[in-house]
Amino acid sequence: MTLLMLLLCTIGQPSGGGNDSFSPGFRIGFTFMASFPSMQSEKDFADMNTAAGLDFELGSIAWGGSVELLGDVSEKFRVRGSVGISRLHGAYEDEYDPISYILVGIFTGGLGFLFSETEDVVDLNDQAFTIEAQAYYVLSRTPGMSISAGAGPIYTWATRKLDSPNTATSGSGSGLGFVASLRLDQESTVKLGCLPLMFGLEGGYRMNSVNISDEEADDYELDFSGPFVKVGSYIGL
Amino acid sequence: MGKILMFLLPALLLISAGCNDSTYPFDQVTEGFTFTYDLPNEGVVDLFVLNCYMNNIRILLADSAQSSGSHSSSWDLRNESGVRVTDGLYYIRIILDENVIETQMYEVYQ
């Protein structure tokens with residue numbers, strides 16, 4: 001790690017956080033993301049399960065993260081590329097037989113109690129793996145802070161997995177979409193070793209629905225479209 | 001190794017203890033079966049089988065005039081093409097006068 005830091009310091013061009021002068025440069029970062037996808041198909045599926053007598057709980061937020069490369073190509077333009085993943089989960093849970101749970105807990109000296117009292121009987125997992133490329137126009141730049149707006153394409157690979165006690169169903173598909181967002185970047189006064197550190201906050205809207213290509217799915221739509229917000233930290237290269 | 005076993009043992013025991021299948025609000029079937037449904041009033045009845053993608057894969061009954069009360073029907077686990085369905089979750093929808101009055105869920109496996 002130390003060697004990597006030294007290498008990056010030697011070849012890197014730390015941008016001047018807090019300086020008035022602009023200097024082009026790239027940063028790599030990790031983000032944590034929450035999105036609020038449409039997922040109408042999932043809602044209909046959850047409703048159908050509820051109608052069938054299951055207390056099916058469908059999440060309303062898809063959680064995820066991404067690895068990003070953010071570059072200031074000029075004083076007014078910025079680009080970003082990222083790979084990310086987000087996941088929407090739904091489940092019908094059932095409790096373990098209470099006597100068995102207690103006996104296992106006692107028999108294992110209490111370790112059994114560390115595990116959940118419930119298990120997912122019907123377990124729905126919809127995941128989206130995305131590649132995004134976005135170009136931004138810097139609306140405002142002050143020393144140490146910038147606000148930019150941008151848009152670009154997003155390519156999504158989506159998978160759907162539905163597990164029940166004796167079965168497992170899965171399907172997948174891919175498709176091209178669009179993302180538009182507004183981001184706020186703040187240079188940190190603290191450096192990571194010798195590398196400049198920056199924090200980013202981004203919010204926007206994605207349009208990325210995918211049709212599952214499997215025969216049984218008959219073009220079943222996984223719609224990850226919706227607003228999102230993400231926060232991340234970036235280090236200069 | 002001992003520490004791994006310390007955590008694996010309770011997990012395995014819990015899994016083996018498992019949930020009580022009889023408490024599941026759905027039936028687990030491996031072959032054709034008969035099911036019952038109640039109609040609150042007389043009317044035109046449709047029975048559809050949907051897969052987990054909510055696609056209609058079989059029409060068990062279409063536009064059938066039935067009286068109120070208990071009725072039964074059966075599904076041989078085959079789709080409209082006569083092919084046995086793959087393992088998974090399936091839903092039978094009982095529709096009376098174009099309104100869904102009941103949904104039954106089945107876990108179908110070999």
# chains A, B, ... in the order shown; residues from 1 in each chain; ligands from 1

call {"tool": "closest_atom_pairs", "arguments": {"of": "chain A", "to": "chain B", "cutoff": "10 Å", "atoms": "only C-alpha atoms", "output": "JSON lines"}}
result
{"residue": "A:Ser41", "atom": "CA", "partner": "B:Tyr53", "partner_atom": "CA", "distance": 8.4}
{"residue": "A:Glu42", "atom": "CA", "partner": "B:Tyr53", "partner_atom": "CA", "distance": 9.3}
{"residue": "A:Asp44", "atom": "CA", "partner": "B:Met54", "partner_atom": "CA", "distance": 8.5}
{"residue": "A:Phe45", "atom": "CA", "partner": "B:Met54", "partner_atom": "CA", "distance": 7.1}
{"residue": "A:Met48", "atom": "CA", "partner": "B:Thr103", "partner_atom": "CA", "distance": 7.3}
{"residue": "A:Asn49", "atom": "CA", "partner": "B:Met105", "partner_atom": "CA", "distance": 7.6}
{"residue": "A:Thr50", "atom": "CA", "partner": "B:Thr103", "partner_atom": "CA", "distance": 9.0}
{"residue": "A:Ala51", "atom": "CA", "partner": "B:Thr103", "partner_atom": "CA", "distance": 5.8}
{"residue": "A:Ala52", "atom": "CA", "partner": "B:Thr103", "partner_atom": "CA", "distance": 4.8}
{"residue": "A:Gly53", "atom": "CA", "partner": "B:Pro25", "partner_atom": "CA", "distance": 6.1}
{"residue": "A:Leu54", "atom": "CA", "partner": "B:Pro25", "partner_atom": "CA", "distance": 6.3}
{"residue": "A:Asp55", "atom": "CA", "partner": "B:Pro25", "partner_atom": "CA", "distance": 9.4}
{"residue": "A:Tyr92", "atom": "CA", "partner": "B:Tyr24", "partner_atom": "CA", "distance": 9.9}
{"residue": "A:Glu93", "atom": "CA", "partner": "B:Tyr24", "partner_atom": "CA", "distance": 9.8}
{"residue": "A:Asp94", "atom": "CA", "partner": "B:Cys19", "partner_atom": "CA", "distance": 6.9}
{"residue": "A:Glu95", "atom": "CA", "partner": "B:Cys19", "partner_atom": "CA", "distance": 6.5}
{"residue": "A:Tyr96", "atom": "CA", "partner": "B:Cys19", "partner_atom": "CA", "distance": 4.7}
{"residue": "A:Asp97", "atom": "CA", "partner": "B:Cys19", "partner_atom": "CA", "distance": 5.8}
{"residue": "A:Pro98", "atom": "CA", "partner": "B:Cys19", "partner_atom": "CA", "distance": 9.4}
{"residue": "A:Ile99", "atom": "CA", "partner": "B:Ala17", "partner_atom": "CA", "distance": 9.6}
{"residue": "A:Ser100", "atom": "CA", "partner": "B:Ala17", "partner_atom": "CA", "distance": 6.1}
{"residue": "A:Tyr101", "atom": "CA", "partner": "B:Leu14", "partner_atom": "CA", "distance": 6.7}
{"residue": "A:Ile102", "atom": "CA", "partner": "B:Leu14", "partner_atom": "CA", "distance": 9.9}
{"residue": "A:Leu103", "atom": "CA", "partner": "B:Leu14", "partner_atom": "CA", "distance": 9.7}
{"residue": "A:Val104", "atom": "CA", "partner": "B:Pro10", "partner_atom": "CA", "distance": 6.5}
{"residue": "A:Gly105", "atom": "CA", "partner": "B:Pro10", "partner_atom": "CA", "distance": 7.4}
{"residue": "A:Ile106", "atom": "CA", "partner": "B:Pro10", "partner_atom": "CA", "distance": 9.9}
{"residue": "A:Phe107", "atom": "CA", "partner": "B:Pro10", "partner_atom": "CA", "distance": 8.5}
{"residue": "A:Thr108", "atom": "CA", "partner": "B:Pro10", "partner_atom": "CA", "distance": 6.2}
{"residue": "A:Gly109", "atom": "CA", "partner": "B:Pro10", "partner_atom": "CA", "distance": 9.4}
{"residue": "A:Gly110", "atom": "CA", "partner": "B:Pro10", "partner_atom": "CA", "distance": 9.0}
{"residue": "A:Leu111", "atom": "CA", "partner": "B:Pro10", "partner_atom": "CA", "distance": 6.4}
{"residue": "A:Gly112", "atom": "CA", "partner": "B:Pro10", "partner_atom": "CA", "distance": 4.8}
{"residue": "A:Phe113", "atom": "CA", "partner": "B:Pro10", "partner_atom": "CA", "distance": 8.5}
{"residue": "A:Leu114", "atom": "CA", "partner": "B:Pro10", "partner_atom": "CA", "distance": 8.9}
{"residue": "A:Phe115", "atom": "CA", "partner": "B:Ala11", "partner_atom": "CA", "distance": 7.2}
{"residue": "A:Ser116", "atom": "CA", "partner": "B:Leu14", "partner_atom": "CA", "distance": 9.6}
{"residue": "A:Glu117", "atom": "CA", "partner": "B:Leu14", "partner_atom": "CA", "distance": 9.1}
{"residue": "A:Thr118", "atom": "CA", "partner": "B:Cys19", "partner_atom": "CA", "distance": 8.4}
{"residue": "A:Glu119", "atom": "CA", "partner": "B:Cys19", "partner_atom": "CA", "distance": 7.8}
{"residue": "A:Asp120", "atom": "CA", "partner": "B:Cys19", "partner_atom": "CA", "distance": 9.9}
{"residue": "A:Val121", "atom": "CA", "partner": "B:Tyr24", "partner_atom": "CA", "distance": 8.3}
{"residue": "A:Val122", "atom": "CA", "partner": "B:Leu89", "partner_atom": "CA", "distance": 9.2}
{"residue": "A:Leu162", "atom": "CA", "partner": "B:Cys52", "partner_atom": "CA", "distance": 8.3}
{"residue": "A:Asp163", "atom": "CA", "partner": "B:Gly88", "partner_atom": "CA", "distance": 8.2}
{"residue": "A:Ser164", "atom": "CA", "partner": "B:Leu89", "partner_atom": "CA", "distance": 7.6}
{"residue": "A:Pro165", "atom": "CA", "partner": "B:Glu107", "partner_atom": "CA", "distance": 8.4}
{"residue": "A:Asn166", "atom": "CA", "partner": "B:Tyr109", "partner_atom": "CA", "distance": 6.7}
{"residue": "A:Thr167", "atom": "CA", "partner": "B:Gly88", "partner_atom": "CA", "distance": 5.3}
{"residue": "A:Ala168", "atom": "CA", "partner": "B:Gly88", "partner_atom": "CA", "distance": 6.5}
{"residue": "A:Thr169", "atom": "CA", "partner": "B:Gly88", "partner_atom": "CA", "distance": 6.2}
{"residue": "A:Ser170", "atom": "CA", "partner": "B:Gly88", "partner_atom": "CA", "distance": 9.9}
{"residue": "A:Gly171", "atom": "CA", "partner": "B:Tyr53", "partner_atom": "CA", "distance": 9.9}
{"residue": "A:Ile212", "atom": "CA", "partner": "B:Tyr53", "partner_atom": "CA", "distance": 9.8}
{"residue": "A:Glu216", "atom": "CA", "partner": "B:Tyr53", "partner_atom": "CA", "distance": 7.5}
{"residue": "A:Ala217", "atom": "CA", "partner": "B:Tyr53", "partner_atom": "CA", "distance": 5.6}
{"residue": "A:Asp218", "atom": "CA", "partner": "B:Asn55", "partner_atom": "CA", "distance": 7.4}
{"residue": "A:Asp219", "atom": "CA", "partner": "B:Tyr53", "partner_atom": "CA", "distance": 9.2}
{"residue": "A:Tyr220", "atom": "CA", "partner": "B:Tyr53", "partner_atom": "CA", "distance": 6.4}
{"residue": "A:Glu221", "atom": "CA", "partner": "B:Tyr53", "partner_atom": "CA", "distance": 9.2}

call {"tool": "residues_around", "arguments": {"residues": "stretch 197-199 of chain A", "least_positions_apart": "5", "cutoff": "6 Å", "atoms": "only C-alpha atoms", "output": "PyMOL selection string"}}
result
chain A and resi 185-188+191+232-235

call {"tool": "select_by_dssp", "arguments": {"residues": "stretch 74-104 of chain B", "states": "strand (DSSP E or B)", "output": "number ranges by chain"}}
result
B: 74-75, 78, 84, 88-96, 99-104

call {"tool": "closest_residue", "arguments": {"among": "A:Lys43, A:Ala34, A:His89, A:Leu237", "to": "A:Pro196", "atoms": "only C-alpha atoms"}}
result
A:Leu237

call {"tool": "atom_distance", "arguments": {"atom1": "atom CA of B:Tyr90", "atom2": "atom CA of B:Leu77"}}
result
9.5 Å

call {"tool": "atom_distance", "arguments": {"atom1": "atom CA of A:Leu176", "atom2": "atom CA of A:Trp157"}}
result
9.1 Å

call {"tool": "closest_residue", "arguments": {"among": "B:Thr36, B:Asn41, B:Ser73, B:Asn99", "to": "B:Leu61", "atoms": "only C-alpha atoms"}}
result
B:Ser73

call {"tool": "atom_distance", "arguments": {"atom1": "atom CA of A:Gly152", "atom2": "atom CA of A:Arg78"}}
result
12.0 Å

call {"tool": "select_by_dssp", "arguments": {"residues": "chain B", "states": "helix (DSSP H, G or I)", "output": "PyMOL selection string"}}
result
chain B and resi 2-17+21-23

call {"tool": "write_last_selection", "arguments": {"atoms": "N, CA, C and O atoms", "output": "mmCIF file, in the first residue's frame"}}
result
data_model
loop_
_atom_site.group_PDB
_atom_site.id
_atom_site.type_symbol
_atom_site.label_atom_id
_atom_site.label_comp_id
_atom_site.auth_asym_id
_atom_site.auth_seq_id
_atom_site.Cartn_x
_atom_site.Cartn_y
_atom_site.Cartn_z
ATOM 1 N N GLY B 2 -11.612 -24.789 14.169
ATOM 2 C CA GLY B 2 -12.570 -24.893 15.271
ATOM 3 C C GLY B 2 -13.540 -23.731 15.286
ATOM 4 O O GLY B 2 -14.737 -23.909 15.522
ATOM 5 N N LYS B 3 -13.001 -22.523 14.978
ATOM 6 C CA LYS B 3 -13.859 -21.338 14.983
ATOM 7 C C LYS B 3 -14.891 -21.407 13.856
ATOM 8 O O LYS B 3 -16.035 -21.000 14.012
ATOM 9 N N ILE B 4 -14.446 -21.926 12.712
ATOM 10 C CA ILE B 4 -15.377 -22.054 11.582
ATOM 11 C C ILE B 4 -16.515 -22.995 11.955
ATOM 12 O O ILE B 4 -17.685 -22.730 11.714
ATOM 13 N N LEU B 5 -16.136 -24.121 12.573
ATOM 14 C CA LEU B 5 -17.157 -25.089 12.980
ATOM 15 C C LEU B 5 -18.108 -24.498 14.005
ATOM 16 O O LEU B 5 -19.310 -24.779 13.994
ATOM 17 N N MET B 6 -17.559 -23.648 14.890
ATOM 18 C CA MET B 6 -18.400 -23.026 15.928
ATOM 19 C C MET B 6 -19.542 -22.236 15.311
ATOM 20 O O MET B 6 -20.640 -22.165 15.857
ATOM 21 N N PHE B 7 -19.271 -21.591 14.152
ATOM 22 C CA PHE B 7 -20.325 -20.798 13.513
ATOM 23 C C PHE B 7 -21.133 -21.616 12.517
ATOM 24 O O PHE B 7 -22.305 -21.360 12.300
ATOM 25 N N LEU B 8 -20.475 -22.624 11.916
ATOM 26 C CA LEU B 8 -21.189 -23.441 10.935
ATOM 27 C C LEU B 8 -22.221 -24.335 11.598
ATOM 28 O O LEU B 8 -23.317 -24.533 11.083
ATOM 29 N N LEU B 9 -21.861 -24.874 12.772
ATOM 30 C CA LEU B 9 -22.729 -25.844 13.437
ATOM 31 C C LEU B 9 -24.121 -25.287 13.717
ATOM 32 O O LEU B 9 -25.121 -25.889 13.299
ATOM 33 N N PRO B 10 -24.228 -24.120 14.398
ATOM 34 C CA PRO B 10 -25.577 -23.615 14.636
ATOM 35 C C PRO B 10 -26.333 -23.280 13.363
ATOM 36 O O PRO B 10 -27.547 -23.476 13.272
ATOM 37 N N ALA B 11 -25.603 -22.801 12.344
ATOM 38 C CA ALA B 11 -26.277 -22.482 11.080
ATOM 39 C C ALA B 11 -26.833 -23.748 10.448
ATOM 40 O O ALA B 11 -27.982 -23.789 9.993
ATOM 41 N N LEU B 12 -26.019 -24.802 10.429
ATOM 42 C CA LEU B 12 -26.475 -26.056 9.827
ATOM 43 C C LEU B 12 -27.632 -26.662 10.603
ATOM 44 O O LEU B 12 -28.582 -27.192 10.033
ATOM 45 N N LEU B 13 -27.530 -26.568 11.932
ATOM 46 C CA LEU B 13 -28.619 -27.111 12.753
ATOM 47 C C LEU B 13 -29.922 -26.369 12.505
ATOM 48 O O LEU B 13 -30.990 -26.970 12.423
ATOM 49 N N LEU B 14 -29.801 -25.034 12.363
ATOM 50 C CA LEU B 14 -31.010 -24.248 12.107
ATOM 51 C C LEU B 14 -31.606 -24.594 10.746
ATOM 52 O O LEU B 14 -32.815 -24.709 10.595
ATOM 53 N N ILE B 15 -30.710 -24.776 9.763
ATOM 54 C CA ILE B 15 -31.202 -25.109 8.431
ATOM 55 C C ILE B 15 -31.883 -26.473 8.454
ATOM 56 O O ILE B 15 -32.949 -26.674 7.875
ATOM 57 N N SER B 16 -31.245 -27.409 9.186
ATOM 58 C CA SER B 16 -31.836 -28.755 9.244
ATOM 59 C C SER B 16 -33.146 -28.740 10.019
ATOM 60 O O SER B 16 -34.063 -29.487 9.726
ATOM 61 N N ALA B 17 -33.202 -27.864 11.044
ATOM 62 C CA ALA B 17 -34.466 -27.748 11.780
ATOM 63 C C ALA B 17 -35.529 -27.187 10.842
ATOM 64 O O ALA B 17 -36.663 -27.660 10.808
ATOM 65 N N ASP B 21 -42.940 -26.793 7.004
ATOM 66 C CA ASP B 21 -43.553 -26.703 5.685
ATOM 67 C C ASP B 21 -45.052 -26.504 5.748
ATOM 68 O O ASP B 21 -45.641 -25.855 4.887
ATOM 69 N N SER B 22 -45.680 -27.085 6.769
ATOM 70 C CA SER B 22 -47.132 -27.033 6.832
ATOM 71 C C SER B 22 -47.633 -25.613 7.072
ATOM 72 O O SER B 22 -48.804 -25.339 6.896
ATOM 73 N N THR B 23 -46.712 -24.720 7.495
ATOM 74 C CA THR B 23 -47.145 -23.344 7.750
ATOM 75 C C THR B 23 -47.073 -22.486 6.495
ATOM 76 O O THR B 23 -47.534 -21.364 6.511
#

call {"tool": "residues_around", "arguments": {"residues": "A:Lys76", "least_positions_apart": "4", "cutoff": "10 Å", "atoms": "only C-alpha atoms", "output": "list in words"}}
result
Phe22, Asp72, Tyr136, Tyr137, Val138, Leu139, Ser140, Arg141 and Ser148 of chain A

call {"tool": "residues_around", "arguments": {"residues": "B:Tyr37", "least_positions_apart": "4", "cutoff": "8 Å", "atoms": "only C-alpha atoms", "output": "PyMOL selection string"}}
result
chain B and resi 70-72+94+102

call {"tool": "residues_around", "arguments": {"residues": "A:Phe129", "least_positions_apart": "3", "cutoff": "12 Å", "atoms": "only C-alpha atoms", "output": "VMD selection string"}}
result
chain A and resid 64 to 67 82 to 87 126 132 154 to 160 172 to 176 208 210 224
